[in-house]
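Shown here: start-v3.cif, mmCIF, C-alpha atoms.
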data_work
loop_
_atom_site.label_atom_id
_atom_site.label_comp_id
_atom_site.auth_asym_id
_atom_site.auth_seq_id
_atom_site.Cartn_x
_atom_site.Cartn_y
_atom_site.Cartn_z
CA MET A 60 79.41 62.14 105.96
CA HIS A 61 81.69 63.44 108.70
CA GLU A 62 84.43 61.24 110.15
CA ARG A 63 83.26 59.70 113.43
CA ILE A 64 84.29 61.42 116.66
CA TYR A 65 84.87 58.95 119.49
CA LEU A 66 84.36 59.50 123.19
CA SER A 67 87.93 58.84 124.33
CA PRO A 68 90.16 57.18 121.72
CA PRO A 69 93.79 56.12 122.23
CA HIS A 70 96.39 58.82 121.56
CA LEU A 71 99.75 57.29 120.63
CA GLY A 72 103.05 58.65 119.35
CA GLU A 73 106.42 57.58 117.97
CA ARG A 74 107.97 56.86 121.37
CA GLU A 75 105.52 54.05 122.07
CA GLU A 76 106.31 52.49 118.69
CA GLN A 77 110.04 52.64 119.42
CA LEU A 78 109.63 50.83 122.72
CA VAL A 79 107.38 48.15 121.22
CA LEU A 80 109.93 47.55 118.45
CA GLU A 81 112.60 47.23 121.12
CA ALA A 82 110.55 44.46 122.74
CA PHE A 83 110.36 42.70 119.35
CA ARG A 84 114.08 43.12 118.62
CA THR A 85 115.04 41.66 121.98
CA ASN A 86 112.36 38.92 121.77
CA TRP A 87 110.79 40.04 125.07
CA ILE A 88 107.18 39.60 123.92
CA ALA A 89 105.82 37.38 126.69
CA PRO A 90 104.51 38.49 130.08
CA LEU A 91 107.27 40.05 132.18
CA GLY A 92 110.51 41.52 130.89
CA PRO A 93 112.56 44.71 131.13
CA HIS A 94 109.73 47.01 129.99
CA VAL A 95 107.46 45.63 132.72
CA ASP A 96 110.13 46.23 135.37
CA ALA A 97 110.82 49.73 134.07
CA PHE A 98 107.12 50.59 133.78
CA GLU A 99 106.63 49.68 137.44
CA ARG A 100 109.62 51.77 138.52
CA GLU A 101 108.56 54.76 136.43
CA LEU A 102 104.96 54.61 137.67
CA CYS A 103 106.26 54.59 141.25
CA ALA A 104 108.46 57.58 140.49
CA TYR A 105 105.52 59.48 138.98
CA THR A 106 103.00 58.74 141.73
CA GLY A 107 105.27 58.42 144.75
CA ALA A 108 103.96 54.93 145.45
CA PRO A 109 106.52 52.63 147.14
CA HIS A 110 105.50 49.49 145.23
CA ALA A 111 103.78 48.79 141.89
CA VAL A 112 102.76 45.62 140.07
CA ALA A 113 101.86 45.73 136.37
CA LEU A 114 98.82 43.60 135.56
CA SER A 115 96.51 42.69 132.70
CA SER A 116 93.72 45.08 133.76
CA GLY A 117 92.43 47.33 136.51
CA THR A 118 89.84 44.66 137.24
CA ALA A 119 92.61 42.12 137.83
CA ALA A 120 94.29 44.63 140.16
CA LEU A 121 91.16 44.94 142.30
CA HIS A 122 90.68 41.18 142.34
CA LEU A 123 94.24 40.59 143.53
CA ALA A 124 93.99 43.43 146.04
CA LEU A 125 91.04 41.68 147.66
CA GLU A 126 92.87 38.34 147.64
CA ALA A 127 96.10 39.80 149.03
CA LEU A 128 94.27 41.66 151.80
CA GLY A 129 92.43 38.48 152.83
CA ILE A 130 88.95 39.68 151.92
CA GLY A 131 86.65 36.77 151.18
CA ALA A 132 83.33 35.03 151.60
CA GLY A 133 80.80 37.00 153.60
CA ASP A 134 83.02 40.04 154.16
CA GLU A 135 81.14 43.29 153.70
CA VAL A 136 82.81 45.84 151.42
CA TRP A 137 81.44 49.35 150.90
CA VAL A 138 81.89 50.80 147.43
CA SER A 139 80.90 53.91 145.51
CA SER A 140 77.57 53.35 143.76
CA LEU A 141 78.17 55.78 140.89
CA THR A 142 80.86 53.86 139.02
CA PHE A 143 81.51 51.24 136.36
CA ALA A 144 80.66 47.63 137.23
CA ALA A 145 84.34 46.62 137.25
CA SER A 146 84.63 48.45 140.59
CA VAL A 147 82.32 45.81 142.06
CA PHE A 148 82.55 42.58 140.05
CA PRO A 149 85.78 41.41 141.79
CA LEU A 150 83.92 41.52 145.11
CA ARG A 151 81.75 38.77 143.70
CA TYR A 152 84.83 36.85 142.56
CA VAL A 153 85.83 36.44 146.22
CA SER A 154 82.21 36.12 147.47
CA ALA A 155 82.33 39.40 149.39
CA VAL A 156 79.13 41.38 149.99
CA PRO A 157 78.95 44.83 148.34
CA VAL A 158 77.18 47.74 150.01
CA PHE A 159 76.77 50.83 147.85
CA VAL A 160 77.38 54.40 149.04
CA ASP A 161 75.86 57.42 147.31
CA ALA A 162 77.71 60.30 145.66
CA ASP A 163 77.64 63.97 146.58
CA ALA A 164 76.57 66.64 144.10
CA ASP A 165 79.77 68.66 144.53
CA SER A 166 82.18 66.04 143.18
CA TRP A 167 80.04 63.10 141.95
CA ASN A 168 82.26 60.90 144.14
CA MET A 169 81.43 59.08 147.37
CA ASP A 170 79.75 61.45 149.83
CA PRO A 171 82.23 61.73 152.73
CA SER A 172 79.70 62.99 155.28
CA LEU A 173 77.27 60.22 154.45
CA PHE A 174 80.08 57.68 154.59
CA VAL A 175 81.49 58.82 157.93
CA GLU A 176 78.03 58.91 159.52
CA ALA A 177 77.20 55.44 158.24
CA LEU A 178 80.56 54.06 159.37
CA GLN A 179 80.07 55.46 162.86
CA ASP A 180 76.64 53.87 162.98
CA ALA A 181 78.10 50.54 161.84
CA ALA A 182 80.72 50.76 164.59
CA ARG A 183 78.01 51.29 167.22
CA ARG A 184 76.24 48.18 165.92
CA ASN A 185 79.48 46.19 165.81
CA ALA A 186 78.87 45.74 162.07
CA LEU A 187 81.82 47.45 160.41
CA PRO A 188 82.72 46.56 156.83
CA ARG A 189 85.98 44.79 156.18
CA ALA A 190 87.02 47.27 153.50
CA VAL A 191 85.99 50.24 151.38
CA VAL A 192 86.54 50.63 147.63
CA LEU A 193 86.68 54.38 147.02
CA VAL A 194 86.30 55.34 143.36
CA HIS A 195 87.84 58.48 141.86
CA LEU A 196 85.32 59.26 139.14
CA TYR A 197 85.87 60.73 135.66
CA GLY A 198 89.38 61.88 136.54
CA GLN A 199 88.48 63.65 139.79
CA CYS A 200 89.62 62.56 143.24
CA ALA A 201 87.05 61.81 145.88
CA ASP A 202 87.39 63.75 149.14
CA VAL A 203 89.86 61.21 150.46
CA ARG A 204 90.91 62.67 153.80
CA PRO A 205 87.72 62.26 155.88
CA ILE A 206 87.10 58.82 154.37
CA ALA A 207 90.67 57.63 154.95
CA ASP A 208 90.72 59.02 158.50
CA ALA A 209 87.45 57.25 159.31
CA CYS A 210 88.77 53.98 157.90
CA THR A 211 91.93 54.27 159.99
CA ALA A 212 89.97 55.09 163.14
CA HIS A 213 87.77 52.01 162.73
CA GLY A 214 90.32 49.56 161.35
CA VAL A 215 88.71 49.35 157.91
CA LEU A 216 90.91 48.65 154.88
CA LEU A 217 90.90 51.29 152.13
CA ILE A 218 91.24 50.40 148.45
CA GLU A 219 91.36 53.26 145.95
CA ASP A 220 89.90 52.66 142.51
CA ALA A 221 91.85 55.28 140.57
CA ALA A 222 91.24 53.54 137.24
CA GLU A 223 89.92 56.80 135.77
CA ALA A 224 92.18 59.17 137.66
CA LEU A 225 95.86 58.63 136.88
CA GLY A 226 97.36 62.14 136.85
CA ALA A 227 94.82 63.57 139.31
CA THR A 228 96.03 64.88 142.65
CA TYR A 229 94.63 65.53 146.12
CA GLU A 230 96.55 67.34 148.86
CA GLY A 231 99.47 67.38 146.41
CA ARG A 232 99.55 63.57 146.23
CA ALA A 233 98.60 61.26 143.40
CA ALA A 234 95.20 59.63 143.35
CA GLY A 235 95.52 56.06 144.57
CA THR A 236 98.32 56.66 147.09
CA PHE A 237 96.25 57.16 150.26
CA GLY A 238 94.93 53.66 150.87
CA ASP A 239 96.25 50.19 151.62
CA VAL A 240 96.05 49.53 147.87
CA GLY A 241 95.34 51.68 144.84
CA PHE A 242 95.09 50.80 141.19
CA TYR A 243 94.92 52.31 137.70
CA SER A 244 93.53 51.17 134.36
CA PHE A 245 95.27 51.42 130.99
CA ASN A 246 92.27 50.36 128.94
CA GLY A 247 92.06 51.83 125.43
CA ASN A 248 89.76 54.66 126.51
CA LYS A 249 91.81 55.85 129.50
CA ILE A 250 93.94 58.97 129.67
CA ILE A 251 96.99 56.84 128.83
CA THR A 252 96.71 53.29 127.55
CA THR A 253 98.57 50.03 127.01
CA SER A 254 95.57 48.84 124.93
CA GLY A 255 94.62 46.72 127.92
CA GLY A 256 96.35 46.68 131.27
CA GLY A 257 96.45 47.98 134.80
CA MET A 258 98.75 48.73 137.70
CA LEU A 259 98.37 48.01 141.39
CA ILE A 260 100.19 50.26 143.86
CA THR A 261 100.63 49.83 147.60
CA PRO A 262 102.75 51.10 150.49
CA HIS A 263 103.00 47.52 151.80
CA ALA A 264 105.86 45.37 150.50
CA HIS A 265 104.16 42.14 151.60
CA VAL A 266 100.99 43.03 149.67
CA ALA A 267 102.98 43.74 146.50
CA GLN A 268 104.83 40.45 146.84
CA ARG A 269 101.61 38.52 147.42
CA VAL A 270 100.05 40.14 144.34
CA ARG A 271 103.09 39.25 142.20
CA THR A 272 102.84 35.64 143.30
CA LEU A 273 99.11 35.36 142.72
CA ALA A 274 99.38 37.08 139.32
CA THR A 275 101.88 34.46 138.07
CA GLN A 276 99.81 31.34 138.82
CA ALA A 277 100.99 31.24 142.45
CA ARG A 278 104.07 29.23 141.53
CA GLU A 279 106.29 28.31 144.44
CA PRO A 280 110.00 29.32 144.18
CA VAL A 281 111.26 25.83 143.37
CA PRO A 282 112.68 24.36 140.12
CA HIS A 283 109.58 22.28 139.39
CA TYR A 284 106.00 23.56 139.08
CA GLU A 285 104.48 23.51 142.54
CA HIS A 286 101.36 25.35 143.73
CA ARG A 287 100.04 25.64 147.27
CA HIS A 288 97.43 28.26 146.42
CA VAL A 289 95.15 29.03 143.50
CA GLY A 290 96.78 31.61 141.25
CA TYR A 291 95.91 33.69 138.19
CA ASN A 292 97.45 34.60 134.84
CA TYR A 293 97.25 38.37 135.39
CA ARG A 294 100.69 39.80 134.56
CA LEU A 295 101.15 42.49 131.89
CA SER A 296 103.06 41.62 128.72
CA ASN A 297 106.39 43.24 128.03
CA VAL A 298 105.10 44.54 124.67
CA LEU A 299 102.18 46.36 126.29
CA ALA A 300 104.42 47.69 129.05
CA GLY A 301 106.52 49.31 126.32
CA ILE A 302 103.43 51.18 125.13
CA GLY A 303 102.72 52.17 128.73
CA ARG A 304 106.22 53.56 129.26
CA GLY A 305 105.89 55.80 126.21
CA GLN A 306 102.44 56.93 127.29
CA LEU A 307 103.59 57.71 130.83
CA GLU A 308 106.21 60.09 129.44
CA VAL A 309 103.42 62.29 128.00
CA LEU A 310 100.85 61.89 130.78
CA ASP A 311 101.10 65.49 131.98
CA ALA A 312 100.61 66.72 128.41
CA ARG A 313 97.57 64.46 128.03
CA VAL A 314 96.09 65.87 131.24
CA ALA A 315 96.67 69.42 130.03
CA ALA A 316 95.03 68.62 126.68
CA ARG A 317 91.92 67.16 128.31
CA ARG A 318 91.61 70.11 130.65
CA THR A 319 91.81 72.39 127.60
CA VAL A 320 89.03 70.37 125.98
CA PHE A 321 86.93 70.89 129.11
CA ASP A 322 87.65 74.63 129.11
CA ARG A 323 86.50 74.94 125.51
CA TYR A 324 83.27 73.09 126.34
CA ARG A 325 82.77 75.41 129.29
CA SER A 326 83.15 78.44 127.02
CA GLY A 327 80.91 77.03 124.31
CA LEU A 328 78.22 75.34 126.40
CA GLY A 329 78.48 76.59 129.97
CA VAL A 330 76.08 79.48 129.46
CA LEU A 331 73.26 77.36 128.02
CA PRO A 332 70.13 77.22 130.21
CA GLY A 333 69.73 74.01 132.19
CA LEU A 334 73.18 72.65 131.29
CA ALA A 335 75.73 72.18 134.11
CA LEU A 336 79.23 70.80 133.67
CA MET A 337 80.62 68.43 136.32
CA PRO A 338 82.05 70.67 139.05
CA GLU A 339 85.71 70.57 140.03
CA ALA A 340 85.89 70.12 143.77
CA THR A 341 88.05 72.44 145.89
CA TYR A 342 88.55 70.23 148.93
CA GLY A 343 91.88 68.95 150.14
CA ARG A 344 94.73 70.82 151.78
CA GLY A 345 97.20 71.78 149.06
CA GLY A 346 94.45 71.74 146.47
CA MET A 347 93.47 69.11 143.95
CA LEU A 348 93.53 68.68 140.21
CA SER A 349 91.07 66.78 138.07
CA THR A 350 92.39 65.34 134.83
CA ARG A 351 88.99 65.86 133.18
CA TRP A 352 89.38 62.37 131.73
CA LEU A 353 85.86 62.81 130.41
CA THR A 354 83.91 66.05 130.18
CA THR A 355 80.57 65.25 131.76
CA LEU A 356 77.49 67.36 132.27
CA THR A 357 73.88 67.28 133.40
CA ILE A 358 70.87 68.58 131.49
CA ASN A 359 67.72 69.91 133.12
CA ALA A 360 65.29 69.09 130.33
CA ALA A 361 62.66 71.63 131.44
CA ARG A 362 65.11 74.52 131.20
CA PHE A 363 67.24 73.24 128.33
CA GLY A 364 64.38 72.26 126.05
CA ALA A 365 65.58 68.66 125.51
CA ASP A 366 66.68 65.80 127.73
CA PHE A 367 70.12 64.23 127.66
CA GLU A 368 68.98 61.27 125.54
CA THR A 369 67.67 63.63 122.86
CA VAL A 370 71.06 65.34 122.85
CA ARG A 371 72.90 62.00 122.73
CA LEU A 372 70.84 60.84 119.75
CA ALA A 373 71.37 64.16 117.96
CA LEU A 374 75.12 63.73 118.40
CA GLU A 375 74.96 60.12 117.23
CA ALA A 376 73.10 61.21 114.11
CA GLN A 377 76.16 63.34 113.30
CA GLN A 378 78.61 60.46 113.94
CA ILE A 379 79.59 61.79 117.38
CA GLU A 380 79.86 59.33 120.24
CA ALA A 381 78.43 60.40 123.62
CA ARG A 382 77.33 58.23 126.51
CA PRO A 383 75.16 58.50 129.61
CA VAL A 384 77.02 58.73 132.91
CA TRP A 385 77.51 55.47 134.80
CA LYS A 386 74.32 53.73 135.83
CA PRO A 387 74.52 53.43 139.64
CA MET A 388 75.41 49.99 140.91
CA HIS A 389 72.36 49.89 143.18
CA GLN A 390 70.21 50.12 140.03
CA GLN A 391 71.99 47.26 138.26
CA PRO A 392 70.00 44.01 137.97
CA VAL A 393 73.09 41.95 138.77
CA PHE A 394 73.25 43.60 142.21
CA ALA A 395 69.54 43.53 142.99
CA GLY A 396 68.96 43.17 146.71
CA CYS A 397 72.27 44.71 147.77
CA ARG A 398 72.10 47.37 150.46
CA VAL A 399 72.56 51.01 149.46
CA ILE A 400 73.38 53.98 151.70
CA GLY A 401 71.58 56.98 150.21
CA GLY A 402 71.23 56.83 146.45
CA ARG A 403 69.23 59.87 145.37
CA VAL A 404 72.22 61.88 144.11
CA SER A 405 73.55 59.00 141.99
CA ASP A 406 70.06 58.39 140.65
CA ALA A 407 69.67 62.04 139.64
CA LEU A 408 73.05 62.15 137.93
CA PHE A 409 72.26 59.04 135.91
CA ALA A 410 68.87 60.46 134.93
CA THR A 411 70.36 63.69 133.58
CA GLY A 412 74.06 63.07 132.87
CA LEU A 413 75.95 62.84 129.59
CA CYS A 414 79.64 62.32 128.68
CA LEU A 415 80.99 64.24 125.68
CA PRO A 416 83.96 63.38 123.43
CA SER A 417 87.03 64.26 125.48
CA GLY A 418 90.09 62.67 123.89
CA SER A 419 93.43 64.44 124.13
CA SER A 420 93.71 64.24 120.31
CA LEU A 421 90.33 65.96 119.78
CA THR A 422 90.80 68.85 117.37
CA VAL A 423 89.25 72.29 117.76
CA ALA A 424 87.21 71.68 114.59
CA GLN A 425 85.89 68.38 115.95
CA GLN A 426 84.99 69.98 119.25
CA ASP A 427 83.23 72.80 117.45
CA ARG A 428 81.08 70.14 115.75
CA VAL A 429 80.09 68.75 119.14
CA ILE A 430 79.29 72.19 120.53
CA GLU A 431 77.24 73.12 117.45
CA VAL A 432 75.05 70.00 117.73
CA VAL A 433 74.40 70.57 121.44
CA ARG A 434 73.52 74.21 120.84
CA LEU A 435 71.16 73.23 118.02
CA CYS A 436 69.31 71.02 120.50
CA VAL A 437 68.61 74.11 122.60
CA ALA A 438 67.33 75.99 119.55
CA ALA A 439 65.13 73.04 118.57
CA GLY A 440 63.77 72.83 122.07
CA ARG A 441 62.84 76.50 122.07
CA THR A 442 61.08 76.07 118.71
CA ASP A 443 59.17 73.00 119.93
CA THR A 444 57.95 74.67 123.10
CA GLY A 445 57.25 77.99 121.42
CA HIS A 446 59.36 79.99 123.88
CA ALA A 447 62.84 80.19 125.37
CA ALA A 448 63.57 78.11 128.41
CA ALA A 449 63.30 80.09 131.62
#

Starting from the file, lay out its structure as structure tokens.
Amino acid sequence: MHERIYLSPPHLGEREEQLVLEAFRTNWIAPLGPHVDAFERELCAYTGAPHAVALSSGTAALHLALEALGIGAGDEVWVSSLTFAASVFPLRYVSAVPVFVDADADSWNMDPSLFVEALQDAARRNALPRAVVLVHLYGQCADVRPIADACTAHGVLLIEDAAEALGATYEGRAAGTFGDVGFYSFNGNKIITTSGGGMLITPHAHVAQRVRTLATQAREPVPHYEHRHVGYNYRLSNVLAGIGRGQLEVLDARVAARRTVFDRYRSGLGVLPGLALMPEATYGRGGMLSTRWLTTLTINAARFGADFETVRLALEAQQIEARPVWKPMHQQPVFAGCRVIGGRVSDALFATGLCLPSGSSLTVAQQDRVIEVVRLCVAAGRTDTGHAAA
């Protein structure tokens, strides 16, 4: 039996181990410490963000962003529908009301034309949302400029969910640096990891300070333990920050490796009938760069000869992990009854989309195994139908 190939496993090196051992030697193993401070500084230097706060997860970062920006009960927040549920759950934590916005077929991210039109309509009805959570999906930036400009024009707060897009750029700037708040995830499957963790970035010093306070149980700056607000235990540990510092040093190499993985998939699978890899958008002055965090594709079953679930199961039978693309939030039972703007593009992507193993440590031999199984599905489909797909 072949060794299992995972979708996006951690990829660690000796530098991370050295920094973790340093945390042990100095006894800085609790939340906060010199690695946390350095990780925040180094993340700011990499992204150009003025302020950063290291936290226990990307979900915690979004939760605290909402709290720090004063978003609460009854406030309407528009959010990308094609995303992971963690982009939306914190809205429920603060009793905000999510409204889901469809993707466009060119980038799989929030459709800017649809968004701008809907926002203008909301302004005419005096029913503007309080904020927008713009997701950068699968390592690719959304078309930020028209969305950010519309938010500024109408006084709507912009939060960038760049959990999947650290290392991606738009107009020469890092994903996450265009809004009032941005955040990244360092979960074990992300392009770099701290095993679990996240980072909030913001251009606003008062927002960063408010987040720091809330993340450390909202303790008042007095000798005794005093609390005037409800706080949270959301700070990143110094040990995990050491891992993050080592990972950040090799981020550009990890991006290059994942883009190489995508290029090999394009060469090996891109010519197959009915199979289309996620496009790389060309919008944005100064260009943009997707990290290709995950290589994703869609399968037209009629032309390919098999649907994406057949392909996924064929891969699983060979100990290869693949997953459907995100199920749109407007289809999720937990958000039944929430309003959705559009929805057909997200629905179609979920009905046909598949994520392939994309880790930066994926070997050529492992990737050849993936490609071989997918190509065999085409051959099987042609045999089953008695003719080649048109």

Tell me, as an NGL selection string, which residues lie within 12 Å of A:Thr275, counting all atoms listed in the file; anything in the same chain fewer than 6 positions away does not count.
:A and (90-91 or 112-115 or 123 or 268-269 or 284 or 286 or 288-296)

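If you count only C-alpha atoms and ignore residues fewer than 4 places along the chain from A:Ala120, what sits within 8 Å of it is Leu114, Ser116, Ala124, Phe242, Gly257, Met258 and Leu259 of chain A.
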
With a cut-off of 8 Å, could you pull out the residues of stretch 115-163 of chain A touching stretch 219-234 of chain A and give me the nearest pair of atoms for each, distance in Å to one decimal, using all atoms listed in the file, ordered by chain and ascending number, as JSON lines?
{"residue": "A:Gly117", "atom": "CA", "partner": "A:Ala222", "partner_atom": "CA", "distance": 6.4}
{"residue": "A:Leu121", "atom": "CA", "partner": "A:Asp220", "partner_atom": "CA", "distance": 7.8}
{"residue": "A:Ser146", "atom": "CA", "partner": "A:Asp220", "partner_atom": "CA", "distance": 7.0}

Which residue of A:Leu307, A:Leu336, A:Ala274, A:Leu78 approaches A:Glu101 most closely, using all atoms listed in the file:
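Closest to A:Glu101 of all the choices is A:Leu307.
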
A:Arg287, A:Arg151, A:Arg204, A:Arg74 ranked by distance to A:Leu217, top pick (using all atoms listed in the file):
A:Arg204

Write out as a compact mmCIF listing (two decimals) with C-alpha atoms, in the frame of the given file the residues lying within 6 Å of A:Glu380, counting all atoms listed in the file and excluding same-chain residues fewer than 2 positions away.
# COMPACT_ATOMS: atom_id res chain seq x y z
CA TYR A 65 84.87 58.95 119.49
CA LEU A 66 84.36 59.50 123.19
CA GLU A 375 74.96 60.12 117.23

Report as a PyMOL selection string all protein, DNA and RNA residues lying within 10 Å of stretch 183-194 of chain A, evaluated on all atoms listed in the file, omitting residues in the same chain fewer than 3 positions from it.
chain A and resi 121+125+128-131+133-143+146-147+150+155-160+168-169+177-180+197-203+206-207+210+213-224+234-235+238-241

On this file, the PyMOL selection byres ((chain A and resi 303) around 8) gives some set of residues; write that set as a ChimeraX atom specification.
/A:75,98,245,251-253,299-302,304-307

Of the residues A:Leu415, A:Val330, A:Ala144, A:Met337, which is the one nearest to A:Gln391, using all atoms listed in the file?
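Under the stated criterion, the closest residue is A:Ala144.
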
So, counting all atoms listed in the file, which residue among A:Ile430, A:Ala277, A:Met347, A:Ala407 is closest to A:Gln377?
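Distance minimum relative to A:Gln377 lands on A:Ile430.
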
Would you work out the distance separating atom CA of A:Ile250 from atom CA of A:Cys414, expressed in Å to one decimal?
14.7 Å

Carefully work through the PyMOL selection byres ((chain A and resi 363) around 6) for this structure and note down the residues it includes, as a short mmCIF file (atom, residue, chain, number, x, y, z; two decimals) with C-alpha atoms, in the frame of the given file.
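expr-v2.cif, written as the output of this step:
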data_model
loop_
_atom_site.label_atom_id
_atom_site.label_comp_id
_atom_site.auth_asym_id
_atom_site.auth_seq_id
_atom_site.Cartn_x
_atom_site.Cartn_y
_atom_site.Cartn_z
CA PRO A 332 70.13 77.22 130.21
CA GLY A 333 69.73 74.01 132.19
CA ASN A 359 67.72 69.91 133.12
CA ALA A 360 65.29 69.09 130.33
CA ALA A 361 62.66 71.63 131.44
CA ARG A 362 65.11 74.52 131.20
CA GLY A 364 64.38 72.26 126.05
CA ALA A 365 65.58 68.66 125.51
CA VAL A 437 68.61 74.11 122.60
#

For this structure, which residues satisfy the selection - the PyMOL selection byres ((chain A and resi 426) around 12) - when it is evaluated on the file as given? I want them as a ChimeraX atom specification.
/A:63-66,317,319-328,354,374,379-380,415-425,427-433
